[in-house]
Amino acid sequence: MAKDSLISHDENDDGIDRAGFLKCMAWAGTGLFCLMSGGVLKTYGMSQLIDKDSGMLKKGLITPKGEFSFVQISDSHIGFNKPANPDVLSTLQAAIAKINAMPTAPSFILHTGDLSHLAQADEFDTLDQALKSVKTEKIFYVPGEHDVLNDNGKQYLQRFGKETKGDGWYSFDSNGVHFIGLVNVINTAEGGLGVLGNEQLEWLEKDVKDLTSSTPIVVFAHIPLWEVYPQWGWGTRDSAQALSYLKRFGSVSVLNGHIHQTLQKVEGNITFHTASSTAFPQPQPGMAAAPGPMKVLAEKLRSLLGLTSVNYVEHNHTLAITDSVLNDVNEKTTDHQ
Amino acid sequence: MQIGKKYIVVAVLGVVVIAGIAATAPQQGEFKNLKVLPKNISSKTLSKIMVDDFVDGLGVSCGFCHVEQKDSHRLDYASDEKPGKQIARMMMQMTIGINKKYFKLSHYQMGDSVLAISCVTCHNGQPRPGEEDAQ
């Protein structure tokens, strides 16, 4: 794989160096593509995969063949119509088109919340209809705080949370990986931090109790389960307890949304990753008076939205998420406004 | 027979009048304990005010004003237990009052896009305006 302008010290010959990695984790594309093969979970920001002029996969792009892959999309905010993006359906459809243009259809989609902006029936309808065109076998959801406004998530549960437990949490297994969808938006702690609550924590402890330590774990929830920026409520008050149940596992990947930008952090056996929004960007932590929809130049908008693709690669019974820089990336990924 | 017809006409008219009154009377909405916002406010309008004016305008989340239910971690939206909720009501009244007094916008409610000032005008994403300057 040829090195692009972001890579200067590729010691492990994996297409990543520290500087390039930091640039990529700061701002990636409109979603995350994840591929799992031989033990390593690889993630690609869609802006790295997609040609910004044609809107299609970049020419000559070779994506690694994984054992299976899935895509994470997040924060679609259907119903939002302010200047930061007056047409959020259009950008969601663009993300869907990018998923459908992938050489290998993802096994499934994870939507990590804020499907709607105001938790209205017509907004949920619109999202539901749009996602019916995605070429994948199944879509899994967890709610964002915008999906549970005024009714504690009753409508969300009826539509997207059937066969789940409590406020909508659940787990499932796919290709030897244990996936856990958590809900941390029904209530929020002081400062806006997410809360999992005792009932869910007790369920989580039981859910993973009988799994072998070599089982790869993927946790997904809306608000980050690590302290991205607590001053803005970008963290979860009782996430430490949840993560304590996962310490014995060799590989744990945590996927979140909420902050509308791609960030990654590795802490021991746990890799945290947040996805971009398909609707509008938010400021980087502490770089504005407050979080919220960030208006950028119209031609820049789609470069700050995205989806996440996950590639699982099995290696020594462990999993890892890595942001890979592809060989034909020439655009600087930190030029947000 | 003629008397019977009269009774039927009167009864039908009565039903029409009662139905008309019921249709025009303010409906009790689905949300409890609303004191400043209209009692028959729609879910969409209420959600829009909560998101635009409070979540984005003050940079807070629902738990800033709403208390947890006694027996679960869900929020009790009707409860007035948290002082912040009463302050929010006073702030909404003040906002409507300023729009009315200084901008002659007499017939508008919170959430109307024509309001000259709204929560974000002063709060600018902060729970307590001015605190960020003091830090």
# chains A, B, ... in the order shown; residues from 1 in each chain; ligands from 1
$ interface_residues --of "chain B" --to "chain A" --cutoff "8 Å" --atoms "only C-alpha atoms" --output "number ranges by chain"
B: 43-44, 47-48, 51, 56, 59-64, 68, 73-75, 77, 124-126, 132
$ write_last_selection --atoms "C-alpha atoms" --output "PDB file, in the first residue's frame"
ATOM      1  CA  SER B  43     -45.475  17.107  20.853  1.00  0.00           C
ATOM      2  CA  LYS B  44     -43.449  18.531  17.974  1.00  0.00           C
ATOM      3  CA  SER B  47     -39.841  19.065  21.626  1.00  0.00           C
ATOM      4  CA  LYS B  48     -38.632  21.894  19.395  1.00  0.00           C
ATOM      5  CA  VAL B  51     -34.170  21.271  21.999  1.00  0.00           C
ATOM      6  CA  ASP B  56     -28.934  24.102  22.421  1.00  0.00           C
ATOM      7  CA  GLY B  59     -26.176  23.769  26.611  1.00  0.00           C
ATOM      8  CA  VAL B  60     -27.995  21.573  29.129  1.00  0.00           C
ATOM      9  CA  SER B  61     -29.796  18.242  29.003  1.00  0.00           C
ATOM     10  CA  CYS B  62     -33.272  17.298  30.208  1.00  0.00           C
ATOM     11  CA  GLY B  63     -32.105  16.447  33.737  1.00  0.00           C
ATOM     12  CA  PHE B  64     -31.098  20.064  34.291  1.00  0.00           C
ATOM     13  CA  GLU B  68     -36.016  11.467  38.113  1.00  0.00           C
ATOM     14  CA  HIS B  73     -34.180   6.498  36.524  1.00  0.00           C
ATOM     15  CA  ARG B  74     -36.655   7.811  33.947  1.00  0.00           C
ATOM     16  CA  LEU B  75     -37.541  11.488  34.106  1.00  0.00           C
ATOM     17  CA  TYR B  77     -41.467  15.621  33.290  1.00  0.00           C
ATOM     18  CA  ASN B 124     -25.369  31.494  24.044  1.00  0.00           C
ATOM     19  CA  GLY B 125     -25.085  27.860  25.004  1.00  0.00           C
ATOM     20  CA  GLN B 126     -24.346  28.513  28.669  1.00  0.00           C
ATOM     21  CA  GLU B 132     -17.705  31.738  30.725  1.00  0.00           C
TER      22      GLU B 132
END
$ residues_around --residues "Asp53 of chain B" --least-positions-apart "5" --cutoff "7 Å" --atoms "only C-alpha atoms" --output "MDAnalysis selection string"
chainID B and resid 58 119:120
$ closest_residue --among "B:Gln69, B:Gln93, B:Ser106, B:Ser113" --to "Lys35 of chain B" --atoms "only C-alpha atoms"
B:Gln93
$ decode --residues "segment 197-247 of chain A" --atoms "N, CA and C atoms" --output "CSV table (one decimal), in the first residue's frame"
chain,number,residue,atom,x,y,z
A,197,GLY,N,-27.5,3.3,34.4
A,197,GLY,CA,-28.4,2.9,35.5
A,197,GLY,C,-28.1,1.5,36.0
A,198,ASN,N,-28.6,1.3,37.2
A,198,ASN,CA,-28.3,0.0,37.9
A,198,ASN,C,-28.9,-1.2,37.2
A,199,GLU,N,-30.1,-1.0,36.7
A,199,GLU,CA,-30.8,-2.2,36.1
A,199,GLU,C,-30.0,-2.7,34.9
A,200,GLN,N,-29.6,-1.7,34.1
A,200,GLN,CA,-28.8,-2.1,32.9
A,200,GLN,C,-27.5,-2.7,33.2
A,201,LEU,N,-26.8,-2.1,34.2
A,201,LEU,CA,-25.5,-2.6,34.6
A,201,LEU,C,-25.6,-4.0,35.1
A,202,GLU,N,-26.6,-4.3,35.9
A,202,GLU,CA,-26.8,-5.6,36.4
A,202,GLU,C,-27.0,-6.6,35.2
A,203,TRP,N,-27.8,-6.2,34.2
A,203,TRP,CA,-28.0,-7.0,33.1
A,203,TRP,C,-26.7,-7.2,32.3
A,204,LEU,N,-25.9,-6.2,32.2
A,204,LEU,CA,-24.7,-6.3,31.4
A,204,LEU,C,-23.7,-7.3,32.1
A,205,GLU,N,-23.7,-7.2,33.4
A,205,GLU,CA,-22.8,-8.1,34.2
A,205,GLU,C,-23.2,-9.6,33.9
A,206,LYS,N,-24.5,-9.8,33.9
A,206,LYS,CA,-25.0,-11.2,33.7
A,206,LYS,C,-24.8,-11.6,32.2
A,207,ASP,N,-24.9,-10.6,31.3
A,207,ASP,CA,-24.8,-10.9,29.9
A,207,ASP,C,-23.5,-11.5,29.5
A,208,VAL,N,-22.4,-10.9,30.1
A,208,VAL,CA,-21.1,-11.3,29.7
A,208,VAL,C,-20.5,-12.4,30.6
A,209,LYS,N,-21.2,-12.7,31.7
A,209,LYS,CA,-20.6,-13.6,32.7
A,209,LYS,C,-20.1,-14.9,32.2
A,210,ASP,N,-20.9,-15.5,31.3
A,210,ASP,CA,-20.5,-16.9,30.8
A,210,ASP,C,-19.7,-16.9,29.5
A,211,LEU,N,-19.3,-15.7,29.1
A,211,LEU,CA,-18.5,-15.7,27.8
A,211,LEU,C,-17.1,-16.0,28.2
A,212,THR,N,-16.4,-16.7,27.3
A,212,THR,CA,-14.9,-16.9,27.5
A,212,THR,C,-14.2,-15.6,27.3
A,213,SER,N,-13.1,-15.5,27.9
A,213,SER,CA,-12.3,-14.2,27.8
A,213,SER,C,-11.8,-13.9,26.4
A,214,SER,N,-11.7,-14.9,25.6
A,214,SER,CA,-11.2,-14.7,24.2
A,214,SER,C,-12.3,-14.2,23.3
A,215,THR,N,-13.5,-14.1,23.8
A,215,THR,CA,-14.6,-13.7,22.9
A,215,THR,C,-14.4,-12.2,22.6
A,216,PRO,N,-14.3,-11.8,21.3
A,216,PRO,CA,-14.3,-10.4,21.0
A,216,PRO,C,-15.6,-9.7,21.3
A,217,ILE,N,-15.5,-8.6,21.9
A,217,ILE,CA,-16.7,-7.8,22.3
A,217,ILE,C,-16.8,-6.5,21.6
A,218,VAL,N,-17.9,-6.2,21.1
A,218,VAL,CA,-18.2,-4.8,20.5
A,218,VAL,C,-19.4,-4.3,21.3
A,219,VAL,N,-19.2,-3.1,21.9
A,219,VAL,CA,-20.2,-2.4,22.6
A,219,VAL,C,-20.6,-1.2,21.8
A,220,PHE,N,-21.9,-0.9,21.7
A,220,PHE,CA,-22.2,0.3,21.0
A,220,PHE,C,-23.3,1.0,21.8
A,221,ALA,N,-23.2,2.3,21.9
A,221,ALA,CA,-24.2,3.2,22.6
A,221,ALA,C,-24.1,4.6,22.0
A,222,HIS,N,-25.0,5.4,22.4
A,222,HIS,CA,-25.0,6.8,21.8
A,222,HIS,C,-23.9,7.7,22.4
A,223,ILE,N,-24.1,8.0,23.7
A,223,ILE,CA,-23.1,8.9,24.3
A,223,ILE,C,-21.8,8.1,24.6
A,224,PRO,N,-20.7,8.8,24.3
A,224,PRO,CA,-19.4,8.0,24.5
A,224,PRO,C,-19.3,7.4,25.9
A,225,LEU,N,-18.7,6.2,26.0
A,225,LEU,CA,-18.5,5.5,27.3
A,225,LEU,C,-17.2,5.9,27.8
A,226,TRP,N,-16.5,6.9,27.3
A,226,TRP,CA,-15.3,7.4,27.9
A,226,TRP,C,-15.4,8.9,28.0
A,227,GLU,N,-14.6,9.5,28.8
A,227,GLU,CA,-14.7,10.9,29.1
A,227,GLU,C,-14.0,11.7,27.9
A,228,VAL,N,-14.8,11.9,26.9
A,228,VAL,CA,-14.3,12.7,25.8
A,228,VAL,C,-14.1,14.2,26.2
A,229,TYR,N,-15.2,14.7,26.8
A,229,TYR,CA,-15.1,16.1,27.3
A,229,TYR,C,-16.3,16.3,28.2
A,230,PRO,N,-16.1,15.9,29.5
A,230,PRO,CA,-17.2,16.0,30.5
A,230,PRO,C,-17.9,17.3,30.6
A,231,GLN,N,-17.1,18.4,30.4
A,231,GLN,CA,-17.6,19.8,30.5
A,231,GLN,C,-18.8,20.0,29.6
A,232,TRP,N,-18.9,19.2,28.5
A,232,TRP,CA,-20.0,19.3,27.5
A,232,TRP,C,-20.9,18.1,27.7
A,233,GLY,N,-20.7,17.3,28.7
A,233,GLY,CA,-21.6,16.2,28.8
A,233,GLY,C,-21.2,15.0,27.9
A,234,TRP,N,-20.0,15.1,27.4
A,234,TRP,CA,-19.5,14.0,26.4
A,234,TRP,C,-18.8,12.9,27.2
A,235,GLY,N,-19.6,12.2,27.9
A,235,GLY,CA,-19.1,11.0,28.6
A,235,GLY,C,-20.3,10.4,29.3
A,236,THR,N,-20.1,9.3,30.0
A,236,THR,CA,-21.2,8.6,30.7
A,236,THR,C,-20.8,8.4,32.2
A,237,ARG,N,-21.7,8.8,33.1
A,237,ARG,CA,-21.3,8.9,34.5
A,237,ARG,C,-20.9,7.5,35.1
A,238,ASP,N,-21.6,6.5,34.7
A,238,ASP,CA,-21.3,5.2,35.3
A,238,ASP,C,-20.7,4.2,34.3
A,239,SER,N,-20.0,4.7,33.3
A,239,SER,CA,-19.4,3.8,32.3
A,239,SER,C,-18.3,3.0,32.9
A,240,ALA,N,-17.6,3.5,34.0
A,240,ALA,CA,-16.5,2.8,34.5
A,240,ALA,C,-16.9,1.4,35.1
A,241,GLN,N,-18.1,1.4,35.6
A,241,GLN,CA,-18.6,0.2,36.2
A,241,GLN,C,-18.9,-0.8,35.0
A,242,ALA,N,-19.5,-0.3,34.0
A,242,ALA,CA,-19.8,-1.2,32.8
A,242,ALA,C,-18.5,-1.7,32.2
A,243,LEU,N,-17.5,-0.9,32.1
A,243,LEU,CA,-16.2,-1.3,31.5
A,243,LEU,C,-15.5,-2.3,32.4
A,244,SER,N,-15.8,-2.2,33.7
A,244,SER,CA,-15.1,-3.1,34.6
A,244,SER,C,-15.5,-4.6,34.4
A,245,TYR,N,-16.7,-4.8,33.9
A,245,TYR,CA,-17.2,-6.1,33.5
A,245,TYR,C,-16.5,-6.7,32.3
A,246,LEU,N,-15.8,-5.8,31.5
A,246,LEU,CA,-15.3,-6.2,30.3
A,246,LEU,C,-13.7,-6.3,30.3
A,247,LYS,N,-13.2,-6.0,31.5
A,247,LYS,CA,-11.7,-5.9,31.6
A,247,LYS,C,-11.0,-7.3,31.3
